[in-house]
Structures are given as C-alpha cells and as structure tokens.
Amino acid sequence: MSKWTKIVFTILTILLGSVCILAGALLAYSPGEPKPHLDQTGNKIKGSISEKTFVAINGVEQGMVIKSKDETHPVLLFLHGGMPEYFLNQKYPNGLEDYFTVVYCEQRGSGISYKSNSSTSEIRLEQMEADALAVTNFLRNRFNKDKIYIMAHSGGGFIWIQGVAKAPELLYAYIGVGQMSNQFESE
C-alpha cells in the first residue's frame with residue numbers, strides 16, 4: 001500500500017468513525033415522542049400540541065415535530081441546515097413554543113425523514129425548494145392559516161430564500177439564521 005493510499009484510508013476511517021459517533025449521539029438524544037407541555041400541576045396544557053408526525057411530501061414521507069403551548073398560535077416552520085436541530089431544543093429550549101406553533105421539519109434525506117433506500121439523486125435544490133413549498137401549504141391547510149412564518153438556518157436558509165422569491169404571498173415573514181447565500185463565494 002502506498003503512502004497516499006494509507007493516508008486516504010486513514011482519513012476515510014476517521015470520517016466513517018465520526019459519522020457513526022454522530023449517528024449514535026443523534027439516536028441517543030432523539031426522543032421517540034416529544035414531551036407534552038405540562039402546567040404547574042403536571043397536567044397537559046389544554047390546547048397544546050406536541051407530536052411527531054410523518055407526511056407525504058412530493059411522494060416522499062417526511063417527518064416533523066410539532067410543538068406549541070397553544071395550537072391556535074401563528075405557525076413557524078423551522079428548516080434546519082446541514083443536520084436536524086430539534087434535539088438541541090430539548091436541552092436548550094428556545095421559548096418559541098410559547099408564542100408559535102413551531103414545526104421542526106426534517107428535510108428529505110435527513111433525520112427522521114431519512115430512508116436507507118432513498119436515492120441521493122432526489123436531493124437536489126429544485127426538489128428541496130418544492131418540498132419546502134409543499135410543507136408550507138400542508139401547514140397552512142392543517143392549521144387553517146393564510147400565511148405562516150419561516151425560520152431557516154444555514155443550508156435551510158439557502159433553500160428557503162429561493163422559496164420566498166417564488167411564493168412570498170404564503171408568508172408573514174422569513175427569518176434567516178446563519179443565512180447562507182453563496183457558499184462557494186463565502187468560502
């Protein structure tokens with residue numbers, strides 16, 4: 001084995017090990033079902049919602065976690081960046097569920113939307129944009145809202161900034177967190 005082959009093999013081994021550790025951590029910290037919102041006496045808050053659901057979006061079952069202390073609140077769709085972020089909210093609550101019905105959508109090919117038999121050819125910008133718009137319309141219908149709010153982080157922001165341009169009439173506002181606009185240029 002040549003020196004470069006050994007180096008490449010070592011790097012690939014380290015990357016594979018890192019992916020396995022990350023996957024294990026995500027499984028360990030990912031809840032089977034989200035915890036309900038409880039009042040001071042330990043009872044579920046009336047009108048609250050706390051569910052994990054799967055919805056057919058453009059022919060693919062996609063998972064999302066929906067949380068709110070009052071499901072009549074405005075809907076806030078959160079689109080993650082490179083990896084799903086809902087699990088972080090368990091340890092570091094963001095308080096958004098006090099004011100919004102927050103939907104943590106795990107995009108095609110990631111988190112609870114991942115399917116081992118999926119083709120990577122399905123994960124392209126145009127498809128992700130179409131999925132984001134379809135999820136938006138699903139939520140508008142489900143919660144009987146004319147418009148919703150979007151909060152997108154990093155790569156999710158790159159996807160949704162395209163959706164905002166195509167369908168601004170569906171939104172009250174777009175909130176970019178760690179907004180990515182031109183990855184190649186920014187690097």
# chains A, B, ... in the order shown; residues from 1 in each chain; ligands from 1
call {"tool": "residues_around", "arguments": {"residues": "A:Glu71", "least_positions_apart": "3", "cutoff": "7 Å", "atoms": "only C-alpha atoms", "output": "PyMOL selection string"}}
result
chain A and resi 47-49+68+101
call {"tool": "residues_around", "arguments": {"residues": "A:Asp70", "least_positions_apart": "6", "cutoff": "12 Å", "atoms": "only C-alpha atoms", "output": "list of chain:residue names"}}
result
A:Pro36, A:His37, A:Leu38, A:Lys44, A:Ile45, A:Lys46, A:Gly47, A:Ser48, A:Ile49, A:Ser50, A:Leu96, A:Glu97, A:Asp98, A:Tyr99, A:Phe100, A:Thr101, A:Val102, A:Phe143
call {"tool": "residues_around", "arguments": {"residues": "stretch 167-176 of chain A", "least_positions_apart": "2", "cutoff": "12 Å", "atoms": "only C-alpha atoms", "output": "ChimeraX atom specification"}}
result
/A:74-81,129-130,132-141,145-165,178-181
call {"tool": "closest_residue", "arguments": {"among": "A:Val55, A:Asp39, A:Tyr92, A:Lys166", "to": "A:Lys69", "atoms": "only C-alpha atoms"}}
result
A:Asp39
call {"tool": "atom_distance", "arguments": {"atom1": "atom CA of A:Asn58", "atom2": "atom CA of A:Met128"}}
result
9.9 Å
call {"tool": "residues_around", "arguments": {"residues": "A:Met64", "least_positions_apart": "5", "cutoff": "9 Å", "atoms": "only C-alpha atoms", "output": "list in words"}}
result
Glu51, Lys52, Thr53, Phe54, Val55, Val103, Tyr104, Cys105, Glu106, Gln107, Ile112 and Ser113 of chain A
call {"tool": "atom_distance", "arguments": {"atom1": "atom CA of A:Gly95", "atom2": "atom CA of A:Lys67"}}
result
10.7 Å
call {"tool": "closest_residue", "arguments": {"among": "A:Ile66, A:Ile7, A:Ile57, A:Val177", "to": "A:Pro34", "atoms": "only C-alpha atoms"}}
result
A:Ile66
call {"tool": "select_by_dssp", "arguments": {"residues": "stretch 121-168 of chain A", "states": "strand (DSSP E)", "output": "list in words"}}
result
Ile148, Tyr149, Ile150, Met151, Ala152 and His153 of chain A
call {"tool": "atom_distance", "arguments": {"atom1": "atom CA of A:His73", "atom2": "atom CA of A:Arg142"}}
result
12.8 Å
call {"tool": "decode", "arguments": {"residues": "stretch 129-157 of chain A", "atoms": "N, CA and C atoms", "output": "short mmCIF file (atom, residue, chain, number, x, y, z; two decimals), in the first residue's frame"}}
result
data_model
loop_
_atom_site.label_atom_id
_atom_site.label_comp_id
_atom_site.auth_asym_id
_atom_site.auth_seq_id
_atom_site.Cartn_x
_atom_site.Cartn_y
_atom_site.Cartn_z
N GLU A 129 -36.58 22.83 -2.71
CA GLU A 129 -37.44 24.02 -2.77
C GLU A 129 -38.90 23.61 -2.90
N ALA A 130 -39.18 22.66 -3.78
CA ALA A 130 -40.55 22.18 -3.98
C ALA A 130 -41.08 21.56 -2.68
N ASP A 131 -40.24 20.82 -1.96
CA ASP A 131 -40.64 20.23 -0.69
C ASP A 131 -40.99 21.31 0.33
N ALA A 132 -40.15 22.35 0.41
CA ALA A 132 -40.38 23.43 1.38
C ALA A 132 -41.72 24.12 1.10
N LEU A 133 -42.01 24.37 -0.17
CA LEU A 133 -43.29 24.98 -0.52
C LEU A 133 -44.46 24.05 -0.21
N ALA A 134 -44.29 22.75 -0.47
CA ALA A 134 -45.35 21.78 -0.19
C ALA A 134 -45.60 21.67 1.32
N VAL A 135 -44.53 21.68 2.12
CA VAL A 135 -44.69 21.64 3.59
C VAL A 135 -45.42 22.90 4.06
N THR A 136 -45.04 24.04 3.50
CA THR A 136 -45.71 25.30 3.85
C THR A 136 -47.21 25.20 3.58
N ASN A 137 -47.58 24.71 2.41
CA ASN A 137 -49.00 24.60 2.08
C ASN A 137 -49.71 23.56 2.94
N PHE A 138 -49.02 22.47 3.26
CA PHE A 138 -49.60 21.48 4.18
C PHE A 138 -49.92 22.13 5.52
N LEU A 139 -48.98 22.90 6.05
CA LEU A 139 -49.18 23.54 7.37
C LEU A 139 -50.26 24.61 7.31
N ARG A 140 -50.31 25.38 6.24
CA ARG A 140 -51.36 26.37 6.09
C ARG A 140 -52.73 25.70 6.13
N ASN A 141 -52.85 24.57 5.44
CA ASN A 141 -54.13 23.84 5.43
C ASN A 141 -54.42 23.20 6.77
N ARG A 142 -53.42 22.53 7.34
CA ARG A 142 -53.66 21.81 8.59
C ARG A 142 -54.10 22.76 9.71
N PHE A 143 -53.45 23.92 9.81
CA PHE A 143 -53.74 24.84 10.90
C PHE A 143 -54.67 25.99 10.48
N ASN A 144 -55.20 25.89 9.26
CA ASN A 144 -56.15 26.87 8.76
C ASN A 144 -55.60 28.30 8.84
N LYS A 145 -54.43 28.48 8.27
CA LYS A 145 -53.76 29.79 8.26
C LYS A 145 -53.56 30.24 6.82
N ASP A 146 -53.76 31.54 6.58
CA ASP A 146 -53.48 32.08 5.25
C ASP A 146 -51.99 32.14 4.97
N LYS A 147 -51.25 32.47 6.02
CA LYS A 147 -49.79 32.63 5.90
C LYS A 147 -49.12 32.03 7.13
N ILE A 148 -47.84 31.72 6.98
CA ILE A 148 -47.06 31.24 8.11
C ILE A 148 -45.74 32.00 8.16
N TYR A 149 -44.98 31.79 9.22
CA TYR A 149 -43.63 32.33 9.35
C TYR A 149 -42.64 31.21 9.01
N ILE A 150 -41.51 31.61 8.47
CA ILE A 150 -40.44 30.66 8.17
C ILE A 150 -39.19 31.11 8.91
N MET A 151 -38.55 30.18 9.60
CA MET A 151 -37.23 30.41 10.18
C MET A 151 -36.33 29.32 9.62
N ALA A 152 -35.26 29.73 8.96
CA ALA A 152 -34.38 28.75 8.32
C ALA A 152 -32.94 29.02 8.73
N HIS A 153 -32.23 27.94 8.98
CA HIS A 153 -30.84 28.03 9.43
C HIS A 153 -29.90 27.52 8.34
N SER A 154 -28.86 28.27 8.06
CA SER A 154 -27.77 27.86 7.20
C SER A 154 -28.27 27.34 5.86
N GLY A 155 -28.02 26.06 5.57
CA GLY A 155 -28.44 25.48 4.29
C GLY A 155 -29.94 25.51 4.09
N GLY A 156 -30.71 25.38 5.19
CA GLY A 156 -32.16 25.52 5.09
C GLY A 156 -32.53 26.91 4.62
N GLY A 157 -31.74 27.90 5.02
CA GLY A 157 -31.96 29.27 4.57
C GLY A 157 -31.68 29.43 3.09
#
